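Okay, target.txt now, which holds compact mmCIF, C-alpha atoms and all ligand atoms:
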```
# COMPACT_ATOMS: atom_id res chain seq x y z
CA MET A 1369 0.00 0.00 0.00
CA ASP A 1370 1.26 3.46 -0.88
CA VAL A 1371 0.43 5.14 2.41
CA ALA A 1372 1.78 8.50 1.19
CA GLN A 1373 -1.25 8.63 -1.12
CA LEU A 1374 -3.43 8.79 1.98
CA PHE A 1375 -1.71 11.85 3.41
CA SER A 1376 -3.84 14.93 4.05
CA THR A 1377 -3.24 18.21 2.23
CA ARG A 1378 -1.72 19.49 5.47
CA ALA A 1379 0.66 16.54 5.69
CA ARG A 1380 1.68 16.92 2.05
CA ALA A 1381 2.84 20.45 2.81
CA GLY A 1382 5.45 18.68 4.98
CA VAL A 1383 7.65 19.83 7.83
CA ASP A 1384 9.61 23.01 7.15
CA PRO A 1385 12.96 21.70 5.89
CA GLU A 1386 14.86 24.07 8.19
CA LEU A 1387 12.98 22.77 11.23
CA ALA A 1388 13.73 19.21 10.12
CA ILE A 1389 17.43 20.15 9.82
CA ILE A 1390 17.41 21.72 13.31
CA LEU A 1391 15.70 18.69 14.84
CA ALA A 1392 18.15 16.33 13.10
CA GLY A 1393 21.06 18.14 14.79
CA PRO A 1394 24.14 19.72 13.18
CA PRO A 1395 25.98 17.72 10.48
CA PRO A 1396 28.61 15.35 11.90
CA GLY A 1397 32.00 16.98 12.34
CA THR A 1398 30.62 20.52 12.59
CA LEU A 1399 30.42 22.87 15.56
CA GLY A 1400 26.65 23.37 15.76
CA MET A 1401 25.10 26.75 16.54
CA THR A 1402 21.75 25.51 15.22
CA GLY A 1403 19.25 24.31 17.83
CA GLY A 1404 17.60 26.14 20.69
CA PHE A 1405 18.14 23.11 22.90
CA PRO A 1406 18.92 23.96 26.53
CA ASN A 1407 22.39 22.99 27.68
CA PRO A 1408 22.19 19.58 29.44
CA ALA A 1409 24.49 20.93 32.18
CA THR A 1410 21.43 22.90 33.37
CA PHE A 1411 19.34 19.75 33.86
CA PRO A 1412 18.84 19.00 37.56
CA SER A 1413 19.26 15.22 37.33
CA GLU A 1414 20.27 14.61 40.96
CA GLU A 1415 17.30 16.46 42.39
CA LEU A 1416 14.97 14.82 39.87
CA ALA A 1417 16.24 11.31 40.57
CA GLU A 1418 15.31 11.70 44.22
CA ILE A 1419 11.92 13.33 43.57
CA ALA A 1420 10.92 10.91 40.78
CA ALA A 1421 11.76 7.84 42.89
CA ARG A 1422 9.67 9.21 45.74
CA LEU A 1423 6.67 10.04 43.52
CA VAL A 1424 6.65 6.67 41.78
CA GLN A 1425 6.94 4.89 45.11
CA ASP A 1426 4.53 6.96 47.18
CA GLU A 1427 1.81 8.19 44.87
CA PRO A 1428 1.44 5.97 41.79
CA GLY A 1429 -2.33 6.52 41.85
CA LEU A 1430 -1.77 10.22 41.16
CA ALA A 1431 1.60 10.61 39.44
CA LEU A 1432 1.16 7.65 37.07
CA GLN A 1433 -2.55 8.19 36.37
CA TYR A 1434 -4.51 10.39 33.92
CA GLY A 1435 -5.45 13.80 35.27
CA PRO A 1436 -7.85 16.68 34.56
CA SER A 1437 -7.46 18.52 31.20
CA ALA A 1438 -6.70 21.83 32.91
CA GLY A 1439 -3.96 20.20 35.01
CA LEU A 1440 -3.61 18.60 38.45
CA PRO A 1441 -5.23 20.92 41.04
CA SER A 1442 -2.14 21.05 43.26
CA PHE A 1443 0.10 21.88 40.29
CA ARG A 1444 -2.24 24.61 39.08
CA GLU A 1445 -2.17 26.11 42.56
CA TYR A 1446 1.61 25.99 42.50
CA LEU A 1447 1.59 27.64 39.07
CA VAL A 1448 -0.68 30.42 40.34
CA GLU A 1449 1.90 31.09 43.07
CA ARG A 1450 4.80 30.92 40.63
CA VAL A 1451 3.18 33.22 38.05
CA THR A 1452 2.26 35.67 40.82
CA HIS A 1453 5.85 35.67 42.06
CA LEU A 1454 7.26 36.16 38.54
CA GLU A 1455 4.72 38.64 37.22
CA GLY A 1456 3.64 40.64 40.26
CA ARG A 1457 0.04 39.93 39.31
CA GLU A 1458 -2.06 37.03 40.59
CA PRO A 1459 -4.12 35.07 38.08
CA ALA A 1460 -7.38 33.52 39.31
CA LEU A 1461 -7.33 29.72 39.26
CA ASP A 1462 -9.66 29.67 36.25
CA GLU A 1463 -7.31 31.98 34.34
CA LEU A 1464 -4.55 29.37 34.27
CA MET A 1465 -4.14 25.88 32.83
CA VAL A 1466 -1.38 23.35 32.27
CA THR A 1467 -0.27 22.43 28.74
CA SER A 1468 2.05 19.80 27.30
CA GLY A 1469 4.76 22.37 26.54
CA GLY A 1470 4.72 25.73 24.82
CA MET A 1471 4.01 24.25 21.38
CA GLU A 1472 0.87 22.53 22.58
CA CYS A 1473 -0.31 25.81 24.05
CA LEU A 1474 0.04 27.40 20.60
CA ASP A 1475 -1.77 24.46 19.04
CA LEU A 1476 -4.68 24.78 21.49
CA LEU A 1477 -4.90 28.49 20.66
CA CYS A 1478 -5.02 27.72 16.94
CA ARG A 1479 -7.70 25.05 17.42
CA SER A 1480 -9.72 27.46 19.50
CA LEU A 1481 -9.31 30.67 17.51
CA LEU A 1482 -8.48 30.03 13.87
CA ASP A 1483 -10.54 29.29 10.82
CA ALA A 1484 -8.74 28.76 7.51
CA GLY A 1485 -7.89 32.11 5.95
CA ASP A 1486 -7.83 34.03 9.24
CA ASP A 1487 -5.14 36.65 9.58
CA VAL A 1488 -2.43 36.26 12.22
CA ALA A 1489 0.34 38.80 12.83
CA VAL A 1490 3.78 37.53 13.82
CA GLU A 1491 7.14 39.16 14.27
CA GLY A 1492 9.49 39.23 11.31
CA PRO A 1493 11.50 37.09 11.98
CA THR A 1494 9.77 34.66 14.36
CA TYR A 1495 9.91 31.13 15.82
CA LEU A 1496 9.78 28.42 13.13
CA GLY A 1497 7.61 26.08 15.20
CA ALA A 1498 4.96 28.79 15.54
CA ILE A 1499 5.00 29.53 11.80
CA MET A 1500 4.45 25.85 11.09
CA GLY A 1501 1.76 25.51 13.73
CA PHE A 1502 -0.19 28.56 12.52
CA ARG A 1503 0.10 27.50 8.87
CA ASP A 1504 -1.27 24.07 9.76
CA TYR A 1505 -4.55 25.79 10.57
CA GLY A 1506 -4.62 27.76 7.31
CA ALA A 1507 -3.68 31.10 8.90
CA ARG A 1508 -2.63 33.96 6.63
CA LEU A 1509 0.54 35.26 8.25
CA THR A 1510 1.81 38.82 8.18
CA GLY A 1511 5.23 39.76 9.55
CA VAL A 1512 5.53 42.86 11.72
CA PRO A 1513 9.03 44.29 11.21
CA MET A 1514 11.43 44.48 14.14
CA ASP A 1515 14.35 46.66 15.11
CA ALA A 1516 16.73 46.50 18.06
CA ASP A 1517 13.84 47.48 20.41
CA GLY A 1518 11.58 44.63 19.31
CA LEU A 1519 8.51 44.67 17.09
CA GLU A 1520 7.65 48.01 15.48
CA VAL A 1521 4.41 49.03 17.16
CA ALA A 1522 4.05 52.12 14.94
CA TRP A 1523 4.04 49.88 11.85
CA LEU A 1524 1.32 47.71 13.35
CA ARG A 1525 -0.71 50.82 14.24
CA GLU A 1526 -0.62 51.96 10.61
CA ARG A 1527 -1.84 48.57 9.42
CA LEU A 1528 -4.65 48.46 11.99
CA GLU A 1529 -5.65 52.00 11.09
CA SER A 1530 -5.99 50.92 7.48
CA GLY A 1531 -8.33 48.06 8.37
CA TYR A 1532 -6.06 45.05 9.03
CA ARG A 1533 -7.68 42.82 11.69
CA PRO A 1534 -5.64 39.78 12.71
CA LYS A 1535 -7.27 37.21 15.00
CA PHE A 1536 -4.20 37.56 17.15
CA LEU A 1537 -0.66 38.90 17.30
CA TYR A 1538 2.02 36.40 18.30
CA THR A 1539 5.07 37.89 20.01
CA ILE A 1540 8.09 36.65 21.97
CA PRO A 1541 8.99 39.75 24.00
CA GLU A 1542 12.21 38.53 25.64
CA PHE A 1543 15.42 37.32 23.97
CA GLN A 1544 13.32 36.46 20.99
CA ASN A 1545 13.74 33.26 19.05
CA PRO A 1546 15.39 33.78 16.59
CA SER A 1547 16.65 37.38 16.89
CA GLY A 1548 17.71 37.60 20.55
CA ARG A 1549 15.94 40.98 20.80
CA THR A 1550 13.80 42.22 23.70
CA LEU A 1551 10.73 44.46 23.46
CA THR A 1552 11.32 47.68 25.43
CA LEU A 1553 8.99 48.74 28.26
CA GLU A 1554 7.81 51.75 26.29
CA ARG A 1555 6.84 49.57 23.34
CA ARG A 1556 5.16 47.03 25.63
CA ARG A 1557 2.91 49.78 26.96
CA ALA A 1558 2.20 51.10 23.46
CA LEU A 1559 1.50 47.60 22.13
CA VAL A 1560 -1.07 46.62 24.75
CA GLU A 1561 -2.83 49.97 24.39
CA LEU A 1562 -2.94 49.60 20.62
CA CYS A 1563 -4.26 46.04 20.75
CA ARG A 1564 -6.83 46.98 23.36
CA GLU A 1565 -7.98 49.86 21.15
CA TYR A 1566 -8.45 47.59 18.11
CA GLY A 1567 -9.59 44.45 19.93
CA VAL A 1568 -6.59 42.34 18.88
CA LEU A 1569 -5.67 39.46 21.18
CA ILE A 1570 -1.96 39.23 22.01
CA VAL A 1571 -0.39 35.79 22.33
CA GLU A 1572 2.72 36.36 24.43
CA ASP A 1573 5.31 33.57 24.36
CA VAL A 1574 7.61 33.84 27.39
CA ALA A 1575 9.79 30.80 26.65
CA TYR A 1576 13.08 32.59 27.46
CA LYS A 1577 11.86 35.27 29.89
CA GLU A 1578 13.54 33.81 32.98
CA LEU A 1579 16.92 33.53 31.27
CA SER A 1580 18.07 37.15 31.46
CA PHE A 1581 21.80 37.24 32.15
CA ASP A 1582 21.44 39.59 35.13
CA GLY A 1583 18.24 38.06 36.54
CA SER A 1584 16.21 41.22 35.82
CA GLN A 1585 12.96 41.26 33.89
CA LEU A 1586 10.52 43.69 32.36
CA PRO A 1587 6.79 43.43 33.13
CA SER A 1588 5.13 40.91 30.86
CA LEU A 1589 2.41 41.96 28.43
CA TRP A 1590 -0.02 39.82 30.43
CA ALA A 1591 0.86 41.66 33.65
CA LEU A 1592 0.33 44.99 31.86
CA ALA A 1593 -2.98 44.03 30.22
CA PRO A 1594 -4.54 40.73 31.33
CA ASP A 1595 -7.74 41.59 29.46
CA VAL A 1596 -6.10 41.41 25.99
CA VAL A 1597 -3.22 38.98 26.50
CA VAL A 1598 -2.86 35.24 26.76
CA GLN A 1599 0.56 34.11 27.92
CA ALA A 1600 2.11 30.85 26.70
CA GLY A 1601 4.80 29.57 29.05
CA THR A 1602 7.06 26.53 29.01
CA PHE A 1603 9.34 24.69 31.42
CA SER A 1604 11.50 23.52 28.51
CA LYS A 1605 14.19 26.21 28.77
CA VAL A 1606 14.31 26.69 32.57
CA PHE A 1607 13.85 23.06 33.60
CA CYS A 1608 13.99 20.40 30.85
CA PRO A 1609 12.11 19.79 27.61
CA GLY A 1610 11.79 16.08 28.43
CA THR A 1611 8.96 16.87 30.82
CA ARG A 1612 6.92 18.54 27.96
CA LEU A 1613 5.23 20.95 30.32
CA GLY A 1614 3.95 24.49 29.90
CA TRP A 1615 1.07 26.75 30.84
CA ALA A 1616 -1.44 29.25 29.54
CA VAL A 1617 -2.58 32.28 31.52
CA GLY A 1618 -5.30 34.51 30.13
CA PRO A 1619 -8.96 35.51 30.22
CA ALA A 1620 -11.03 32.80 31.97
CA ALA A 1621 -13.37 32.22 29.01
CA LEU A 1622 -10.39 31.57 26.71
CA ILE A 1623 -8.70 29.25 29.23
CA ALA A 1624 -11.94 27.25 29.55
CA GLN A 1625 -12.02 26.91 25.74
CA LEU A 1626 -8.35 25.82 25.62
CA SER A 1627 -9.02 23.17 28.30
CA SER A 1628 -11.95 21.93 26.28
CA ALA A 1629 -9.80 21.84 23.10
CA LYS A 1630 -7.27 19.71 24.99
CA GLY A 1631 -9.87 16.97 24.93
CA GLY A 1632 -8.96 16.61 21.24
CA THR A 1633 -5.17 16.54 21.69
CA ASP A 1634 -3.75 14.57 24.61
CA GLN A 1635 -6.57 15.16 27.12
CA CYS A 1636 -4.12 15.91 29.91
CA ALA A 1637 -0.46 16.77 30.40
CA GLY A 1638 1.66 14.07 32.05
CA ALA A 1639 0.85 13.84 35.75
CA LEU A 1640 4.36 12.63 36.60
CA SER A 1641 5.86 15.74 34.96
CA GLN A 1642 3.44 18.00 36.80
CA ARG A 1643 4.21 16.47 40.17
CA LEU A 1644 7.96 16.55 39.42
CA VAL A 1645 7.93 20.27 38.63
CA GLU A 1646 5.67 21.02 41.58
CA GLU A 1647 7.89 19.20 44.07
CA TYR A 1648 11.01 20.66 42.49
CA GLY A 1649 9.62 24.18 42.63
CA ARG A 1650 8.18 23.93 46.14
CA ALA A 1651 11.58 22.73 47.39
CA GLY A 1652 13.07 26.03 46.12
CA HIS A 1653 15.23 24.46 43.42
CA PHE A 1654 14.30 26.99 40.69
CA GLY A 1655 15.68 29.78 42.87
CA ARG A 1656 18.87 27.81 43.48
CA ARG A 1657 19.49 26.47 39.96
CA LEU A 1658 18.35 29.27 37.63
CA PRO A 1659 21.25 31.61 38.49
CA HIS A 1660 23.65 28.88 37.29
CA ALA A 1661 21.78 28.52 33.98
CA ARG A 1662 21.82 32.29 33.47
CA ALA A 1663 25.54 32.45 34.24
CA LEU A 1664 26.25 29.61 31.83
CA TYR A 1665 24.43 31.24 28.91
CA GLU A 1666 25.94 34.62 29.70
CA SER A 1667 29.44 33.17 29.74
CA HIS A 1668 28.74 31.48 26.38
CA TRP A 1669 27.47 34.74 24.91
CA VAL A 1670 30.46 36.72 26.19
CA ALA A 1671 32.78 34.22 24.46
CA LEU A 1672 30.84 34.25 21.20
CA SER A 1673 30.43 38.00 21.18
CA ALA A 1674 34.19 38.53 21.68
CA ALA A 1675 35.00 36.03 18.93
CA LEU A 1676 32.54 37.64 16.49
CA ALA A 1677 34.07 41.04 17.20
CA ARG A 1678 37.56 39.64 16.65
CA HIS A 1679 36.96 37.66 13.47
CA MET A 1680 33.99 38.99 11.50
CA PRO A 1681 34.78 41.08 8.44
CA GLU A 1682 33.51 44.62 8.09
CA GLY A 1683 29.84 44.92 7.18
CA VAL A 1684 28.72 41.97 9.32
CA GLU A 1685 26.41 42.91 12.22
CA TRP A 1686 24.74 40.95 15.00
CA SER A 1687 22.19 41.55 17.75
CA GLU A 1688 23.28 42.00 21.40
CA PRO A 1689 21.08 39.70 23.51
CA THR A 1690 20.81 40.36 27.25
CA GLY A 1691 19.56 36.84 27.91
CA GLY A 1692 18.39 33.66 26.23
CA MET A 1693 20.29 31.59 23.66
CA PHE A 1694 20.40 33.40 20.33
CA THR A 1695 22.03 36.14 18.36
CA TRP A 1696 20.95 37.21 14.89
CA LEU A 1697 23.72 37.86 12.40
CA ARG A 1698 23.38 39.97 9.26
CA MET A 1699 25.90 39.71 6.44
CA PRO A 1700 26.30 42.36 3.75
CA GLU A 1701 23.51 42.48 1.14
CA GLY A 1702 24.01 39.99 -1.64
CA LEU A 1703 25.38 37.20 0.53
CA ASP A 1704 23.03 34.25 0.95
CA ALA A 1705 23.16 32.14 4.12
CA ARG A 1706 21.60 29.11 2.42
CA GLU A 1707 24.12 29.21 -0.40
CA LEU A 1708 26.97 29.44 2.09
CA ARG A 1709 25.85 26.37 4.02
CA PRO A 1710 27.85 23.74 2.05
CA ALA A 1711 31.01 25.83 2.53
CA ALA A 1712 30.19 26.21 6.23
CA THR A 1713 29.69 22.45 6.63
CA GLU A 1714 33.01 21.92 4.85
CA ALA A 1715 34.64 24.40 7.27
CA GLY A 1716 33.05 22.59 10.24
CA VAL A 1717 30.43 25.07 11.44
CA ALA A 1718 26.60 25.02 11.36
CA TYR A 1719 23.95 27.75 11.71
CA VAL A 1720 20.33 28.26 10.67
CA PRO A 1721 19.76 30.46 7.59
CA GLY A 1722 17.49 33.47 8.21
CA SER A 1723 14.89 33.37 5.44
CA PRO A 1724 12.62 30.58 6.84
CA PHE A 1725 12.01 32.72 9.94
CA TYR A 1726 10.26 35.36 7.83
CA VAL A 1727 6.69 34.73 6.66
CA ASP A 1728 6.80 37.18 3.78
CA GLY A 1729 10.29 37.07 2.33
CA GLY A 1730 13.62 38.56 3.25
CA GLY A 1731 16.41 37.45 5.52
CA ALA A 1732 18.53 35.76 2.84
CA ASN A 1733 21.67 37.45 4.18
CA GLU A 1734 20.78 36.73 7.84
CA MET A 1735 21.25 33.75 10.12
CA ARG A 1736 20.51 32.57 13.65
CA LEU A 1737 23.37 31.55 15.88
CA SER A 1738 22.62 29.65 19.08
CA TYR A 1739 25.22 29.71 21.85
CA SER A 1740 23.43 27.28 24.16
CA SER A 1741 25.24 24.03 23.46
CA LEU A 1742 28.87 24.72 22.51
CA ASP A 1743 31.30 25.70 25.25
CA GLU A 1744 33.28 28.94 25.25
CA ALA A 1745 36.33 27.57 23.43
CA GLN A 1746 34.19 25.87 20.79
CA LEU A 1747 32.18 29.06 20.24
CA GLY A 1748 35.43 30.93 19.60
CA ILE A 1749 36.47 28.39 16.97
CA ALA A 1750 32.97 28.31 15.43
CA ALA A 1751 32.92 32.11 15.04
CA GLU A 1752 36.38 32.07 13.43
CA ARG A 1753 35.33 29.34 10.99
CA LEU A 1754 32.12 31.19 10.11
CA ALA A 1755 34.02 34.43 9.54
CA GLY A 1756 36.38 32.55 7.23
CA VAL A 1757 33.43 31.25 5.19
CA ILE A 1758 31.89 34.73 4.87
CA GLN A 1759 35.23 36.25 3.94
CA SER A 1760 35.87 33.60 1.31
CA VAL A 1761 33.05 34.93 -0.91
CA PRO A 1762 34.70 37.26 -3.42
CA SER A 1763 32.97 40.66 -3.47
CA ALA A 1764 32.28 40.22 -7.21
CA ALA A 1765 30.13 37.17 -6.37
CA ARG A 1766 27.86 39.25 -4.11
CA ARG A 1767 24.62 40.01 -5.86
C1 LIG B 1 9.75 30.84 21.37
C2 LIG B 1 9.46 29.41 21.66
N1 LIG B 1 8.23 29.05 22.05
C3 LIG B 1 7.93 27.77 22.30
C4 LIG B 1 8.86 26.78 22.17
C5 LIG B 1 8.45 25.35 22.39
O1 LIG B 1 8.52 25.00 23.69
P1 LIG B 1 8.12 23.53 24.18
O2 LIG B 1 9.37 22.73 24.15
O3 LIG B 1 7.64 23.77 25.54
O4 LIG B 1 7.07 23.00 23.28
C6 LIG B 1 10.16 27.09 21.78
C7 LIG B 1 11.16 26.04 21.61
O5 LIG B 1 12.20 26.20 21.04
C8 LIG B 1 10.46 28.44 21.51
O6 LIG B 1 11.67 28.82 21.09
```
So that I can check it, write out the structure of this file as structure tokens.
Ligand SMILES: Cc1ncc(COP(=O)(O)O)c(C=O)c1O
Amino acid sequence: MDVAQLFSTRARAGVDPELAIILAGPPPGTLGMTGGFPNPATFPSEELAEIAARLVQDEPGLALQYGPSAGLPSFREYLVERVTHLEGREPALDELMVTSGGMECLDLLCRSLLDAGDDVAVEGPTYLGAIMGFRDYGARLTGVPMDADGLEVAWLRERLESGYRPKFLYTIPEFQNPSGRTLTLERRRALVELCREYGVLIVEDVAYKELSFDGSQLPSLWALAPDVVVQAGTFSKVFCPGTRLGWAVGPAALIAQLSSAKGGTDQCAGALSQRLVEEYGRAGHFGRRLPHARALYESHWVALSAALARHMPEGVEWSEPTGGMFTWLRMPEGLDARELRPAATEAGVAYVPGSPFYVDGGGANEMRLSYSSLDEAQLGIAAERLAGVIQSVPSAARR
């Protein structure tokens, strides 16, 4: 039987090749600056070994059983406390639910909000997984341009004034994937006011928010305007992706709809994961471990940043993240990051070309560099190799 013949239209569109490349890992023999995988040195295996053994032994009827779609009551209560501590604003219990990671939260939002052909605004560039997820539901995507201060609110205002009405705006305000940029406080205030004025829901993805190098954080969009924002959170970057755990905080009616939509996905997030994170968090481990993760990523960035400054030829620019795992590098016009990839592989370095992160073209001369996985010495070598590849293109060959 030719099973491929049975594939749906959606399936035939296939996985974005760049996402497939990221998930497959960097080519053998290269220094990979591709994935946004957290560094395994940040995984709290000792603490988890003790907690997991205890849970499996003492409460199999809870931790190994199905649970409610909105999440285990005790874990939701813990999340209310955690969100209140992080955001300075307390969500009601019915304004919060547990999801199976950040991606599932986006999927539940799509299931609940999108009909084919609906408009969705995203940042240009934005997270590849979100682009794929939104396209799966037939969304028509528009990219809002960004500068060093994050998405350009004035640009969005002009579009809204001329009648554009997206179902929602998707934004990653901190240490954005892929650009590493952070939305300023002034723009946050302007954005929530604008979206309130035009009735546009904001989907705020805070995947990297807790990974600022200095531990500081700006108020979230949800904390500024809980009436127009739904926040999608994940434990993947501050704990470990293997637990597949996240949350949604937003207006109660929307959270009730997302919980109901979860009946058509996995029905409930893993109870063992929920109990693990709850016990881990209540024991104070986040407070103890997160500073180490922040210091690790900062030290990696300092090494990469110094190496880029030392080796990159004139005309190459990159963003200056203050947290998270990514910087966004722009080569002179005419250079193409996809075309350079074979030479980069040959030189032993891997990155993600920029164009797939844009929904409406552009980014050919840009690329995402992740500094999460390589150590400081490797990042120095990777930057030198990459600079060599860029320099090797004769200026006559630049279109
Ligand atoms: C911005 C952003 N949101 C969401 C996710 C997905 O998170 P999760 O692993 O919880 O599905 C990622 C993962 O890379 C991400 O970068």
Inset, instruction - Residues up to 7 Å from ligand LIG 1 (chain B), counting only C-alpha atoms and all ligand atoms: could you list those as number ranges by chain? - result: A: 1404-1405, 1469-1472, 1495, 1540, 1544-1545, 1573, 1575, 1602-1604, 1609, 1612-1614
Inset, instruction - Would you mind reading off the distance between CA of Gly1501 in chain A and CA of Gly1722 in chain A, one decimal, in Å? - result: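 Calculated distance between CA of Gly1501 in chain A and CA of Gly1722 in chain A is 18.5 Å.
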Inset, instruction - Name the closest residue to Leu1697 in chain A among the candidates A:Asp1475, A:Glu1647, A:Glu1734, A:Glu1415; distances are taken between atoms, counting all atoms listed in the file. - result: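 When distances to Leu1697 in chain A are compared using all atoms listed in the file, the smallest one comes from A:Glu1734.
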Inset, instruction - Place a sphere of radius 10 Å on (14.6, 35.7, 18.7) in the file coordinates and name every protein, DNA or RNA residue with an atom inside or on its surface, counting only C-alpha atoms; give the answer as number ranges by chain. - result: A: 1491-1495, 1518, 1539-1550, 1576, 1687, 1689, 1692-1696, 1725, 1736
Inset, instruction - Find the spatial neighbours of Pro1436 in chain A, counting all atoms listed in the file, within a cut-off of 12 Å - ignore same-chain residues fewer than 5 positions away - and output them as an NGL selection string. - result: :A and (1430 or 1441-1444 or 1465-1467 or 1627-1628 or 1630-1631 or 1634-1639 or 1642)
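Minimum atom-to-atom distance to Arg1643 in chain A, evaluated using all atoms listed in the file, belongs to A:Gly1435 out of A:Pro1394, A:Gly1691, A:Pro1762, A:Gly1435.
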Legend entry - Two-atom distance - CA of Tyr1648 in chain A, CA of Leu1464 in chain A (Å): 19.6 Å
Legend entry - Neighbours of point (30.6, 33.3, 24.2) within 12 Å, using only C-alpha atoms, written as a PyMOL selection string: chain A and resi 1401+1663-1677+1688-1689+1693-1695+1737-1751
Legend entry - Length of the CA of Met1735 in chain A to CA of Asp1515 in chain A vector [Å]: 15.5 Å
Inset, instruction - Name all residues at most 12 Å from Ala1651 in chain A (count only C-alpha atoms; drop same-chain ones fewer than 6 positions away) and give them as JSON, numbers by chain. - result: {"A": [1415, 1416, 1419, 1446, 1644, 1645, 1657]}
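Of the listed residues (A:Asp1517, A:Glu1701, A:Glu1455, A:Glu1463), A:Glu1463 comes nearest to Pro1619 in chain A; the distances count only C-alpha atoms.
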Legend entry - Nearest to Ala1661 in chain A, chosen from A:Val1521, A:Ala1420, A:Cys1608, A:Ala1431, with only C-alpha atoms counted in the distances: A:Cys1608
Legend entry - Which residue of A:Pro1659, A:Gly1439, A:Gly1511, A:Gly1716 approaches Ser1468 in chain A most closely, using only C-alpha atoms: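 Looking at the shortest contact to Ser1468 in chain A, the residue is A:Gly1439.
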Inset, instruction - Just the residues within 12 Å of Ile1389 in chain A, please, counting all atoms listed in the file, with nothing from its chain fewer than 2 positions along; format it as a ChimeraX atom specification. - result: /A:1383-1387,1391-1395,1400,1402-1403,1496,1709,1718-1721,1724
Hey, what's within 6 Å of range 1591-1600 of chain A if we count only C-alpha atoms and toss same-chain stuff fewer than 3 positions away? As an mmCIF file with C-alpha atoms, keeping the file's coordinate frame, please?
```cif
data_model
loop_
_atom_site.group_PDB
_atom_site.id
_atom_site.type_symbol
_atom_site.label_atom_id
_atom_site.label_comp_id
_atom_site.auth_asym_id
_atom_site.auth_seq_id
_atom_site.Cartn_x
_atom_site.Cartn_y
_atom_site.Cartn_z
ATOM 1 C CA ARG A 1457 0.040 39.930 39.310
ATOM 2 C CA LEU A 1569 -5.670 39.460 21.180
ATOM 3 C CA ILE A 1570 -1.960 39.230 22.010
ATOM 4 C CA VAL A 1571 -0.390 35.790 22.330
ATOM 5 C CA GLU A 1572 2.720 36.360 24.430
ATOM 6 C CA ASP A 1573 5.310 33.570 24.360
ATOM 7 C CA SER A 1588 5.130 40.910 30.860
ATOM 8 C CA TRP A 1615 1.070 26.750 30.840
ATOM 9 C CA ALA A 1616 -1.440 29.250 29.540
ATOM 10 C CA VAL A 1617 -2.580 32.280 31.520
ATOM 11 C CA GLY A 1618 -5.300 34.510 30.130
#
```
All file atoms of range 1399-1413 of chain A boxed axis-aligned, 6 Å per side, centre plus edges, as AutoDock Vina command-line options:
```
--center_x 24.0 --center_y 21.0 --center_z 26.4 --size_x 24.8 --size_y 23.5 --size_z 34.3
```
Legend entry - Nearest-residue call for Pro1587 in chain A, choices A:Ala1438, A:Leu1622, A:Val1451, A:Ala1732, using all atoms listed in the file: A:Val1451
Inset, instruction - Do a neighbour search on Gln1759 in chain A at 10 Å with all atoms listed in the file, toss out local chain neighbours closer than 2 positions, and write the hits as a PyMOL selection string. - result: chain A and resi 1679-1682+1753-1757+1761-1763
